[in-house]
$ cat structure12.csv   # CSV, C-alpha atoms
chain,number,residue,atom,x,y,z
V,1,MET,CA,23.7,-29.7,1.7
V,2,THR,CA,21.4,-27.9,4.1
V,3,GLU,CA,19.8,-24.8,2.7
V,4,LEU,CA,21.0,-21.6,4.4
V,5,LYS,CA,18.2,-20.0,6.4
V,6,LYS,CA,17.7,-16.3,5.3
V,7,ASN,CA,16.6,-13.6,7.7
V,8,PHE,CA,14.1,-10.8,7.2
V,9,ALA,CA,12.3,-8.2,9.3
V,10,VAL,CA,9.6,-5.5,9.3
V,11,ILE,CA,10.7,-2.2,10.8
V,12,GLY,CA,8.4,0.5,12.1
V,13,ASN,CA,7.4,2.6,15.1
V,14,PRO,CA,5.0,1.4,16.5
V,15,ILE,CA,5.4,-2.2,15.3
V,16,HIS,CA,3.7,-4.5,17.8
V,17,HIS,CA,0.4,-4.7,15.7
V,18,SER,CA,2.2,-5.8,12.5
V,19,LEU,CA,0.8,-8.8,10.7
V,20,SER,CA,3.8,-9.0,8.4
V,21,PRO,CA,5.7,-11.8,10.4
V,22,GLN,CA,2.5,-14.0,10.3
V,23,ILE,CA,2.0,-13.3,6.6
V,24,HIS,CA,5.6,-14.0,5.5
V,25,ARG,CA,5.8,-17.1,7.6
V,26,ALA,CA,2.6,-18.4,6.0
V,27,PHE,CA,4.1,-17.7,2.5
V,28,ALA,CA,7.3,-19.5,3.5
V,29,LYS,CA,5.4,-22.6,4.8
V,30,GLU,CA,3.4,-22.7,1.6
V,31,THR,CA,6.4,-22.4,-0.7
V,32,GLY,CA,8.7,-24.7,1.4
V,33,LEU,CA,11.3,-22.0,2.1
V,34,HIS,CA,13.1,-21.8,5.5
V,35,ILE,CA,13.2,-18.2,6.7
V,36,GLU,CA,13.3,-16.2,9.8
V,37,TYR,CA,11.1,-13.1,9.9
V,38,GLU,CA,10.7,-10.8,12.9
V,39,ALA,CA,9.2,-7.4,13.8
V,40,ILE,CA,11.7,-4.7,14.9
V,41,LEU,CA,10.9,-1.5,16.7
V,42,SER,CA,13.3,1.3,15.5
V,43,PRO,CA,13.6,4.4,17.6
V,44,LEU,CA,12.2,7.4,15.6
V,45,ASP,CA,15.6,9.0,15.1
V,46,GLU,CA,17.6,5.7,14.6
V,47,PHE,CA,16.2,4.2,11.4
V,48,LYS,CA,19.5,4.4,9.5
V,49,ASN,CA,21.5,2.8,12.3
V,50,THR,CA,18.8,0.1,12.7
V,51,ILE,CA,19.2,-0.8,9.0
V,52,HIS,CA,23.0,-0.9,9.1
V,53,GLN,CA,22.9,-3.1,12.2
V,54,LEU,CA,20.6,-5.5,10.4
V,55,ILE,CA,22.8,-5.6,7.4
V,56,ALA,CA,25.8,-6.4,9.7
V,57,GLN,CA,23.7,-9.2,11.1
V,58,LYS,CA,23.3,-10.6,7.6
V,59,LEU,CA,19.7,-9.8,7.0
V,60,SER,CA,18.7,-10.3,3.4
V,61,GLY,CA,15.8,-7.8,3.3
V,62,ALA,CA,13.3,-5.8,5.2
V,63,ASN,CA,9.8,-4.4,5.0
V,64,VAL,CA,9.4,-0.9,6.2
V,65,THR,CA,6.2,0.6,7.6
V,66,LEU,CA,5.2,3.9,9.2
V,67,PRO,CA,6.9,6.3,9.7
V,68,PHE,CA,10.1,5.3,7.9
V,69,LYS,CA,9.1,4.8,4.2
V,70,LYS,CA,10.6,8.2,3.1
V,71,GLU,CA,13.8,7.5,5.0
V,72,ALA,CA,14.0,4.0,3.5
V,73,TYR,CA,13.8,5.6,0.1
V,74,GLU,CA,16.6,8.1,0.9
V,75,LEU,CA,18.8,5.4,2.3
V,76,ALA,CA,18.6,3.1,-0.7
V,77,SER,CA,21.3,3.4,-3.4
V,78,GLN,CA,19.1,1.9,-6.1
V,79,HIS,CA,15.3,2.2,-6.6
V,80,SER,CA,12.6,0.4,-8.5
V,81,ASN,CA,10.4,2.5,-10.8
V,82,HIS,CA,7.5,2.4,-8.3
V,83,ALA,CA,9.7,3.6,-5.4
V,84,LYS,CA,11.2,6.4,-7.6
V,85,ILE,CA,7.8,7.8,-8.5
V,86,ALA,CA,6.4,7.5,-4.9
V,87,GLU,CA,9.7,8.7,-3.4
V,88,ALA,CA,9.0,6.1,-0.7
V,89,ALA,CA,10.1,2.5,-0.1
V,90,ASN,CA,8.3,-0.2,1.9
V,91,THR,CA,10.6,-3.1,0.8
V,92,LEU,CA,14.4,-3.1,1.0
V,93,GLU,CA,16.7,-5.7,-0.6
V,94,PHE,CA,20.3,-6.0,0.7
V,95,LYS,CA,22.4,-7.3,-2.1
V,96,ASP,CA,26.2,-7.1,-2.8
V,97,ASP,CA,26.7,-4.1,-0.4
V,98,GLN,CA,23.8,-2.3,-2.1
V,99,ILE,CA,20.4,-1.3,-0.6
V,100,ILE,CA,17.7,-1.5,-3.2
V,101,GLY,CA,14.4,0.2,-2.5
V,102,HIS,CA,11.1,-1.0,-3.8
V,103,ASN,CA,7.5,0.1,-3.3
V,104,THR,CA,4.9,-2.6,-3.4
V,105,ASP,CA,1.9,-0.7,-1.9
V,106,GLY,CA,0.3,0.3,-5.2
V,107,ILE,CA,0.8,-3.2,-6.7
V,108,GLY,CA,-0.8,-4.6,-3.6
V,109,LEU,CA,-3.9,-2.3,-3.8
V,110,VAL,CA,-4.5,-3.0,-7.5
V,111,ARG,CA,-4.1,-6.8,-7.1
V,112,ASP,CA,-6.6,-6.8,-4.2
V,113,LEU,CA,-9.1,-4.8,-6.2
V,114,GLU,CA,-8.7,-6.7,-9.4
V,115,GLN,CA,-7.8,-10.3,-8.4
V,116,ASN,CA,-9.6,-10.6,-5.0
V,117,LEU,CA,-12.6,-8.2,-5.4
V,118,ASN,CA,-13.0,-8.5,-9.2
V,119,ILE,CA,-13.1,-4.7,-9.6
V,120,TYR,CA,-11.2,-4.0,-12.8
V,121,LEU,CA,-10.0,-0.4,-13.0
V,122,LYS,CA,-9.8,0.1,-16.8
V,123,SER,CA,-12.2,2.8,-17.9
V,124,LYS,CA,-13.5,3.3,-14.3
V,125,LYS,CA,-13.9,6.6,-12.5
V,126,ILE,CA,-11.9,6.6,-9.2
V,127,LEU,CA,-11.9,9.0,-6.3
V,128,LEU,CA,-8.8,8.9,-4.0
V,129,ILE,CA,-9.3,10.6,-0.7
V,130,GLY,CA,-6.0,11.7,1.0
V,131,ALA,CA,-2.8,13.4,0.0
V,132,GLY,CA,-0.2,11.7,2.3
V,133,GLY,CA,2.3,9.0,1.6
V,134,ALA,CA,-0.4,6.3,1.5
V,135,ALA,CA,-2.2,8.1,-1.4
V,136,GLU,CA,1.0,9.0,-3.2
V,137,GLY,CA,2.3,5.5,-3.0
V,138,VAL,CA,-0.6,3.9,-5.0
V,139,ILE,CA,-1.4,6.5,-7.7
V,140,TYR,CA,1.1,5.3,-10.3
V,141,SER,CA,-0.1,1.7,-10.1
V,142,MET,CA,-3.7,2.8,-10.6
V,143,LEU,CA,-2.8,5.0,-13.6
V,144,GLU,CA,-1.1,1.9,-15.2
V,145,LYS,CA,-4.5,0.2,-15.2
V,146,LYS,CA,-5.9,3.1,-17.4
V,147,PRO,CA,-9.0,4.2,-15.5
V,148,SER,CA,-11.1,6.9,-17.4
V,149,GLU,CA,-10.5,9.4,-14.6
V,150,LEU,CA,-8.6,9.5,-11.3
V,151,ILE,CA,-9.8,12.3,-9.0
V,152,LEU,CA,-7.9,13.4,-6.0
V,153,THR,CA,-9.4,15.1,-3.0
V,154,ASN,CA,-8.3,16.0,0.5
V,155,ARG,CA,-9.3,18.3,3.3
V,156,THR,CA,-6.2,20.4,2.5
V,157,ILE,CA,-6.8,20.7,-1.2
V,158,GLU,CA,-3.4,22.3,-1.8
V,159,LYS,CA,-1.7,19.0,-1.0
V,160,SER,CA,-3.8,17.2,-3.7
V,161,ASN,CA,-2.7,19.9,-6.2
V,162,VAL,CA,1.0,19.2,-5.4
V,163,ILE,CA,0.5,15.5,-6.1
V,164,GLN,CA,-1.5,16.2,-9.3
V,165,ASN,CA,1.3,18.4,-10.6
V,166,LYS,CA,3.9,15.7,-9.8
V,167,MET,CA,1.9,12.8,-11.3
V,168,ASP,CA,0.3,14.6,-14.3
V,169,VAL,CA,3.2,13.5,-16.6
V,170,HIS,CA,2.5,9.8,-15.8
V,171,ALA,CA,-1.3,10.3,-16.2
V,172,LYS,CA,-0.8,11.8,-19.7
V,173,SER,CA,1.5,8.9,-20.7
V,174,PHE,CA,-1.4,6.5,-19.8
V,175,ASP,CA,-4.0,8.8,-21.3
V,176,VAL,CA,-5.8,9.1,-17.9
V,177,ASN,CA,-7.6,12.3,-16.8
V,178,LEU,CA,-6.0,13.2,-13.4
V,179,ASN,CA,-8.0,15.9,-11.6
V,180,VAL,CA,-8.5,17.5,-8.2
V,181,ILE,CA,-11.8,18.5,-6.7
V,182,GLU,CA,-12.8,20.0,-3.3
V,183,ILE,CA,-14.1,17.5,-0.8
V,184,ALA,CA,-17.5,19.3,-0.6
V,185,LYS,CA,-18.0,18.8,-4.4
V,186,CYS,CA,-17.5,15.0,-4.4
V,187,PRO,CA,-21.1,14.1,-3.7
V,188,HIS,CA,-22.2,15.7,-6.9
V,189,GLN,CA,-20.4,13.1,-9.1
V,190,TYR,CA,-20.6,9.4,-9.5
V,191,PHE,CA,-17.5,7.2,-8.8
V,192,ASP,CA,-17.1,3.5,-9.5
V,193,VAL,CA,-14.4,3.2,-6.8
V,194,ILE,CA,-13.8,5.4,-3.8
V,195,ILE,CA,-10.6,4.8,-1.8
V,196,ASN,CA,-9.9,6.3,1.6
V,197,ALA,CA,-6.1,6.7,1.9
V,198,THR,CA,-6.3,8.9,5.0
V,199,SER,CA,-5.5,7.9,8.6
V,200,ALA,CA,-8.9,9.0,9.8
V,201,GLY,CA,-9.9,5.4,10.4
V,202,LEU,CA,-6.8,4.8,12.6
V,203,ASN,CA,-7.5,7.8,14.7
V,204,ASN,CA,-11.3,7.4,14.8
V,205,THR,CA,-11.7,10.9,13.4
V,206,GLU,CA,-14.4,12.0,10.9
V,207,LEU,CA,-13.4,12.2,7.3
V,208,GLY,CA,-15.5,15.2,6.5
V,209,ILE,CA,-17.0,13.7,3.3
V,210,ASP,CA,-20.8,13.7,2.7
V,211,HIS,CA,-22.3,10.2,2.7
V,212,LYS,CA,-24.0,11.0,-0.6
V,213,VAL,CA,-20.7,10.3,-2.4
V,214,PHE,CA,-21.5,6.6,-1.9
V,215,HIS,CA,-23.9,4.8,-4.3
V,216,GLU,CA,-25.2,1.3,-4.9
V,217,GLY,CA,-22.8,-0.2,-7.4
V,218,SER,CA,-19.8,1.7,-6.2
V,219,LEU,CA,-17.0,0.1,-4.1
V,220,ALA,CA,-15.8,2.0,-1.0
V,221,TYR,CA,-12.3,0.8,-0.1
V,222,GLU,CA,-10.7,1.6,3.3
V,223,MET,CA,-6.9,1.2,3.5
V,224,VAL,CA,-7.2,0.8,7.3
V,225,TYR,CA,-7.9,-2.9,8.1
V,226,GLY,CA,-9.1,-4.9,11.1
V,227,LYS,CA,-12.0,-2.6,12.2
V,228,GLU,CA,-15.2,-1.2,10.8
V,229,THR,CA,-14.4,2.6,10.4
V,230,SER,CA,-17.1,5.3,10.1
V,231,TYR,CA,-16.1,5.5,6.4
V,232,ILE,CA,-17.1,1.8,5.9
V,233,ARG,CA,-20.3,2.3,8.0
V,234,GLU,CA,-21.4,5.3,6.0
V,235,ALA,CA,-20.7,3.5,2.7
V,236,LYS,CA,-22.7,0.5,3.8
V,237,SER,CA,-25.6,2.7,4.8
V,238,GLN,CA,-25.8,4.0,1.2
V,239,GLY,CA,-25.7,0.5,-0.3
V,240,SER,CA,-22.1,0.6,-1.5
V,241,LYS,CA,-20.0,-2.6,-1.6
V,242,THR,CA,-17.1,-2.2,0.9
V,243,SER,CA,-13.7,-3.6,1.6
V,244,ASP,CA,-10.9,-2.9,4.1
V,245,GLY,CA,-7.2,-2.9,3.3
V,246,LEU,CA,-6.3,-6.4,4.6
V,247,GLY,CA,-6.1,-7.8,1.1
V,248,MET,CA,-3.8,-4.9,0.1
V,249,LEU,CA,-1.6,-5.7,3.0
V,250,VAL,CA,-1.3,-9.4,2.0
V,251,GLU,CA,-0.8,-8.6,-1.7
V,252,GLN,CA,1.9,-6.0,-1.1
V,253,ALA,CA,3.6,-8.6,1.1
V,254,ALA,CA,3.4,-11.2,-1.6
V,255,GLU,CA,5.1,-8.8,-4.0
V,256,ALA,CA,7.9,-8.2,-1.5
V,257,PHE,CA,8.2,-12.0,-1.0
V,258,PHE,CA,8.6,-12.3,-4.8
V,259,ILE,CA,11.3,-9.6,-4.9
V,260,TRP,CA,13.3,-11.5,-2.3
V,261,HIS,CA,12.7,-15.1,-3.3
V,262,HIS,CA,11.6,-15.0,-6.9
V,263,ILE,CA,8.6,-17.1,-6.0
V,264,LYS,CA,5.0,-15.9,-6.2
V,265,PRO,CA,3.0,-17.2,-3.2
V,266,GLN,CA,-0.7,-17.8,-3.2
V,267,THR,CA,-2.6,-15.2,-1.2
V,268,LYS,CA,-6.3,-16.2,-0.9
V,269,SER,CA,-5.8,-18.7,1.9
V,270,VAL,CA,-3.7,-16.2,3.9
V,271,ILE,CA,-6.3,-13.5,3.5
V,272,GLU,CA,-9.0,-15.8,4.6
V,273,SER,CA,-7.1,-17.1,7.7
V,274,LEU,CA,-6.3,-13.5,8.8
V,275,LYS,CA,-10.0,-12.5,8.4
V,276,ALA,CA,-10.9,-15.5,10.6
V,277,PHE,CA,-8.2,-14.6,13.0
$ encode --input "structure12.csv" --output "structure tokens"
Amino acid sequence: MTELKKNFAVIGNPIHHSLSPQIHRAFAKETGLHIEYEAILSPLDEFKNTIHQLIAQKLSGANVTLPFKKEAYELASQHSNHAKIAEAANTLEFKDDQIIGHNTDGIGLVRDLEQNLNIYLKSKKILLIGAGGAAEGVIYSMLEKKPSELILTNRTIEKSNVIQNKMDVHAKSFDVNLNVIEIAKCPHQYFDVIINATSAGLNNTELGIDHKVFHEGSLAYEMVYGKETSYIREAKSQGSKTSDGLGMLVEQAAEAFFIWHHIKPQTKSVIESLKAF
């Protein structure tokens, strides 16, 4: 009996740049699954209609990228723990007339740091720059790894305070110090890992952080991938190790693949081929 081919998609606006189809097709080839996976541009005010059309077309699941992760969360009738805490979903499962929302971003970041870059977060001091959805989506996964301290900073410090208040209960449950400091005070402390979760690299805007925050022995991680941002250049100039977010992209996709197919794909060869590409 021929295996029924399942259909999936990634939805965003813009979407032409997405590497998700390439990644999921590579996973399918590696695991011997037959799937269709396409990129779909949704009009900004039509996300809900786009999803319902895809369900009507018998799609089994979808990845969701900017700017629809909050809407995806609100549309879902059930949520994973990570999606609930982030109040955002980047992976949807369509199952028995239900829409189940998952968030794999934090899992993807942590796996890239620990499995691909060999940076283990337990007992480390981490600085997270940014207070938008990208930052909020990864905090819980980092807290689970029990760093000694997770410090939030942002140009608009009030936004970091809001996230701290929301996440503090989880930090306490993992016995992690979750604090906020002004961006100007960051260079006066040492951090093992410094993560840029802002969109500055996408827009080629300056981050407004002093290069003295970077040190030899620290890792500067840039969530933006595919280009050397000013953040990466400054970190390199101070002797820091650096990484962009390509590994995070592949690892969060691998977790989505596992949610849909219950098979864990290998990621290293996919990351290497995308880097070469």
$ atom_distance --input "structure12.csv" --atom1 "atom CA of Glu251 of chain V" --atom2 "atom CA of Asn81 of chain V"
18.2 Å
$ closest_residue --input "structure12.csv" --among "V:Ala256, V:Gly12, V:Asp244, V:Lys159" --to "Asp105 of chain V" --atoms "all atoms listed in the file"
V:Ala256
$ closest_residue --input "structure12.csv" --among "V:Asn13, V:Ser237, V:Ser199, V:Gln57" --to "Ala220 of chain V" --atoms "all atoms listed in the file"
V:Ser237
$ residues_around --input "structure12.csv" --residues "Asp192 of chain V" --least-positions-apart "2" --cutoff "8 Å" --atoms "only C-alpha atoms" --output "NGL selection string"
:V and (124-126 or 190 or 194 or 217-219)
$ write_last_selection --input "structure12.csv" --atoms "C-alpha atoms" --output "CSV table (one decimal), in the frame of the given file"
chain,number,residue,atom,x,y,z
V,124,LYS,CA,-13.5,3.3,-14.3
V,125,LYS,CA,-13.9,6.6,-12.5
V,126,ILE,CA,-11.9,6.6,-9.2
V,190,TYR,CA,-20.6,9.4,-9.5
V,194,ILE,CA,-13.8,5.4,-3.8
V,217,GLY,CA,-22.8,-0.2,-7.4
V,218,SER,CA,-19.8,1.7,-6.2
V,219,LEU,CA,-17.0,0.1,-4.1
$ residues_around --input "structure12.csv" --residues "Ala131 of chain V" --least-positions-apart "2" --cutoff "8 Å" --atoms "all atoms listed in the file" --output "ChimeraX atom specification"
/V:129,133-136,152-154,159-160,163,197-198
$ residues_near_point --input "structure12.csv" --point "(12.9, 5.2, -8.0)" --cutoff "12 Å" --atoms "only C-alpha atoms" --output "PyMOL selection string"
chain V and resi 70+72-89+100-103+137
$ atom_distance --input "structure12.csv" --atom1 "atom CA of Gly245 of chain V" --atom2 "atom CA of Tyr221 of chain V"
7.2 Å
$ residues_near_point --input "structure12.csv" --point "(-5.8, -5.9, -6.6)" --cutoff "12 Å" --atoms "only C-alpha atoms" --output "compact mmCIF listing (two decimals) with C-alpha atoms, in the frame of the given file"
# COMPACT_ATOMS: atom_id res chain seq x y z
CA THR V 104 4.90 -2.60 -3.40
CA ASP V 105 1.90 -0.70 -1.90
CA GLY V 106 0.30 0.30 -5.20
CA ILE V 107 0.80 -3.20 -6.70
CA GLY V 108 -0.80 -4.60 -3.60
CA LEU V 109 -3.90 -2.30 -3.80
CA VAL V 110 -4.50 -3.00 -7.50
CA ARG V 111 -4.10 -6.80 -7.10
CA ASP V 112 -6.60 -6.80 -4.20
CA LEU V 113 -9.10 -4.80 -6.20
CA GLU V 114 -8.70 -6.70 -9.40
CA GLN V 115 -7.80 -10.30 -8.40
CA ASN V 116 -9.60 -10.60 -5.00
CA LEU V 117 -12.60 -8.20 -5.40
CA ASN V 118 -13.00 -8.50 -9.20
CA ILE V 119 -13.10 -4.70 -9.60
CA TYR V 120 -11.20 -4.00 -12.80
CA LEU V 121 -10.00 -0.40 -13.00
CA VAL V 138 -0.60 3.90 -5.00
CA SER V 141 -0.10 1.70 -10.10
CA MET V 142 -3.70 2.80 -10.60
CA LYS V 145 -4.50 0.20 -15.20
CA TYR V 221 -12.30 0.80 -0.10
CA SER V 243 -13.70 -3.60 1.60
CA GLY V 245 -7.20 -2.90 3.30
CA LEU V 246 -6.30 -6.40 4.60
CA GLY V 247 -6.10 -7.80 1.10
CA MET V 248 -3.80 -4.90 0.10
CA LEU V 249 -1.60 -5.70 3.00
CA VAL V 250 -1.30 -9.40 2.00
CA GLU V 251 -0.80 -8.60 -1.70
CA GLN V 252 1.90 -6.00 -1.10
CA ALA V 254 3.40 -11.20 -1.60
CA GLU V 255 5.10 -8.80 -4.00
CA THR V 267 -2.60 -15.20 -1.20
CA LYS V 268 -6.30 -16.20 -0.90
$ atom_distance --input "structure12.csv" --atom1 "atom CA of Ile15 of chain V" --atom2 "atom CA of Thr229 of chain V"
21.0 Å
$ residues_around --input "structure12.csv" --residues "Leu202 of chain V" --least-positions-apart "2" --cutoff "10 Å" --atoms "all atoms listed in the file" --output "CSV table (one decimal) with C-alpha atoms, keeping the file's coordinate frame"
chain,number,residue,atom,x,y,z
V,198,THR,CA,-6.3,8.9,5.0
V,199,SER,CA,-5.5,7.9,8.6
V,200,ALA,CA,-8.9,9.0,9.8
V,204,ASN,CA,-11.3,7.4,14.8
V,205,THR,CA,-11.7,10.9,13.4
V,223,MET,CA,-6.9,1.2,3.5
V,224,VAL,CA,-7.2,0.8,7.3
V,225,TYR,CA,-7.9,-2.9,8.1
V,227,LYS,CA,-12.0,-2.6,12.2
V,229,THR,CA,-14.4,2.6,10.4
$ build_atoms --input "structure12.csv" --residues "segment 15-25 of chain V" --atoms "all heavy atoms" --output "JSON list (two decimals), in the coordinates of the input"
[["chain", "number", "residue", "atom", "x", "y", "z"],
["V", 15, "ILE", "N", 5.24, -1.03, 16.10],
["V", 15, "ILE", "CA", 5.40, -2.20, 15.30],
["V", 15, "ILE", "C", 4.65, -3.45, 15.86],
["V", 15, "ILE", "O", 4.45, -4.46, 15.18],
["V", 15, "ILE", "CB", 6.87, -2.56, 15.00],
["V", 15, "ILE", "CG1", 7.05, -3.47, 13.78],
["V", 15, "ILE", "CG2", 7.54, -3.13, 16.24],
["V", 15, "ILE", "CD1", 6.58, -2.92, 12.48],
["V", 16, "HIS", "N", 4.22, -3.36, 17.13],
["V", 16, "HIS", "CA", 3.70, -4.50, 17.80],
["V", 16, "HIS", "C", 2.42, -5.10, 17.11],
["V", 16, "HIS", "O", 2.13, -6.28, 17.20],
["V", 16, "HIS", "CB", 3.30, -4.20, 19.27],
["V", 16, "HIS", "CG", 2.21, -3.17, 19.39],
["V", 16, "HIS", "ND1", 2.47, -1.82, 19.34],
["V", 16, "HIS", "CD2", 0.86, -3.31, 19.49],
["V", 16, "HIS", "CE1", 1.32, -1.16, 19.44],
["V", 16, "HIS", "NE2", 0.34, -2.03, 19.53],
["V", 17, "HIS", "N", 1.70, -4.24, 16.37],
["V", 17, "HIS", "CA", 0.40, -4.70, 15.70],
["V", 17, "HIS", "C", 0.68, -5.35, 14.38],
["V", 17, "HIS", "O", -0.26, -5.87, 13.77],
["V", 17, "HIS", "CB", -0.42, -3.41, 15.47],
["V", 17, "HIS", "CG", 0.23, -2.47, 14.49],
["V", 17, "HIS", "ND1", 1.32, -1.70, 14.83],
["V", 17, "HIS", "CD2", -0.03, -2.21, 13.18],
["V", 17, "HIS", "CE1", 1.69, -0.99, 13.77],
["V", 17, "HIS", "NE2", 0.89, -1.28, 12.76],
["V", 18, "SER", "N", 1.93, -5.35, 13.88],
["V", 18, "SER", "CA", 2.20, -5.80, 12.50],
["V", 18, "SER", "C", 1.82, -7.24, 12.27],
["V", 18, "SER", "O", 2.17, -8.13, 13.05],
["V", 18, "SER", "CB", 3.66, -5.57, 12.16],
["V", 18, "SER", "OG", 3.92, -6.04, 10.85],
["V", 19, "LEU", "N", 1.14, -7.48, 11.15],
["V", 19, "LEU", "CA", 0.80, -8.80, 10.70],
["V", 19, "LEU", "C", 1.84, -9.41, 9.76],
["V", 19, "LEU", "O", 1.74, -10.57, 9.35],
["V", 19, "LEU", "CB", -0.57, -8.86, 10.05],
["V", 19, "LEU", "CG", -1.78, -8.50, 10.93],
["V", 19, "LEU", "CD1", -3.04, -8.39, 10.09],
["V", 19, "LEU", "CD2", -1.97, -9.53, 12.03],
["V", 20, "SER", "N", 2.84, -8.62, 9.41],
["V", 20, "SER", "CA", 3.80, -9.00, 8.40],
["V", 20, "SER", "C", 4.55, -10.34, 8.79],
["V", 20, "SER", "O", 4.72, -11.20, 7.92],
["V", 20, "SER", "CB", 4.84, -7.94, 8.14],
["V", 20, "SER", "OG", 4.20, -6.85, 7.50],
["V", 21, "PRO", "N", 4.99, -10.52, 10.04],
["V", 21, "PRO", "CA", 5.70, -11.80, 10.40],
["V", 21, "PRO", "C", 4.75, -13.00, 10.10],
["V", 21, "PRO", "O", 5.17, -14.00, 9.52],
["V", 21, "PRO", "CB", 5.97, -11.65, 11.86],
["V", 21, "PRO", "CG", 6.11, -10.18, 12.07],
["V", 21, "PRO", "CD", 5.07, -9.57, 11.18],
["V", 22, "GLN", "N", 3.48, -12.88, 10.50],
["V", 22, "GLN", "CA", 2.50, -14.00, 10.30],
["V", 22, "GLN", "C", 2.33, -14.25, 8.79],
["V", 22, "GLN", "O", 2.29, -15.41, 8.36],
["V", 22, "GLN", "CB", 1.17, -13.50, 10.89],
["V", 22, "GLN", "CG", 0.24, -14.61, 11.28],
["V", 22, "GLN", "CD", -0.97, -14.06, 12.02],
["V", 22, "GLN", "OE1", -0.89, -13.05, 12.71],
["V", 22, "GLN", "NE2", -2.10, -14.71, 11.87],
["V", 23, "ILE", "N", 2.24, -13.18, 8.00],
["V", 23, "ILE", "CA", 2.00, -13.30, 6.60],
["V", 23, "ILE", "C", 3.21, -13.99, 5.89],
["V", 23, "ILE", "O", 3.06, -14.95, 5.11],
["V", 23, "ILE", "CB", 1.71, -11.95, 5.91],
["V", 23, "ILE", "CG1", 0.37, -11.40, 6.42],
["V", 23, "ILE", "CG2", 1.70, -12.05, 4.39],
["V", 23, "ILE", "CD1", 0.13, -9.93, 6.09],
["V", 24, "HIS", "N", 4.41, -13.49, 6.16],
["V", 24, "HIS", "CA", 5.60, -14.00, 5.50],
["V", 24, "HIS", "C", 5.92, -15.45, 5.94],
["V", 24, "HIS", "O", 6.39, -16.27, 5.14],
["V", 24, "HIS", "CB", 6.80, -13.08, 5.70],
["V", 24, "HIS", "CG", 6.76, -11.90, 4.78],
["V", 24, "HIS", "ND1", 7.35, -11.91, 3.54],
["V", 24, "HIS", "CD2", 6.16, -10.70, 4.91],
["V", 24, "HIS", "CE1", 7.13, -10.75, 2.94],
["V", 24, "HIS", "NE2", 6.41, -10.00, 3.75],
["V", 25, "ARG", "N", 5.64, -15.75, 7.19],
["V", 25, "ARG", "CA", 5.80, -17.10, 7.60],
["V", 25, "ARG", "C", 4.85, -18.08, 6.94],
["V", 25, "ARG", "O", 5.22, -19.21, 6.59],
["V", 25, "ARG", "CB", 5.67, -17.21, 9.16],
["V", 25, "ARG", "CG", 6.85, -16.62, 9.93],
["V", 25, "ARG", "CD", 6.54, -16.46, 11.40],
["V", 25, "ARG", "NE", 7.52, -15.61, 12.08],
["V", 25, "ARG", "CZ", 7.28, -14.95, 13.21],
["V", 25, "ARG", "NH1", 6.09, -15.04, 13.80],
["V", 25, "ARG", "NH2", 8.20, -14.19, 13.76]]
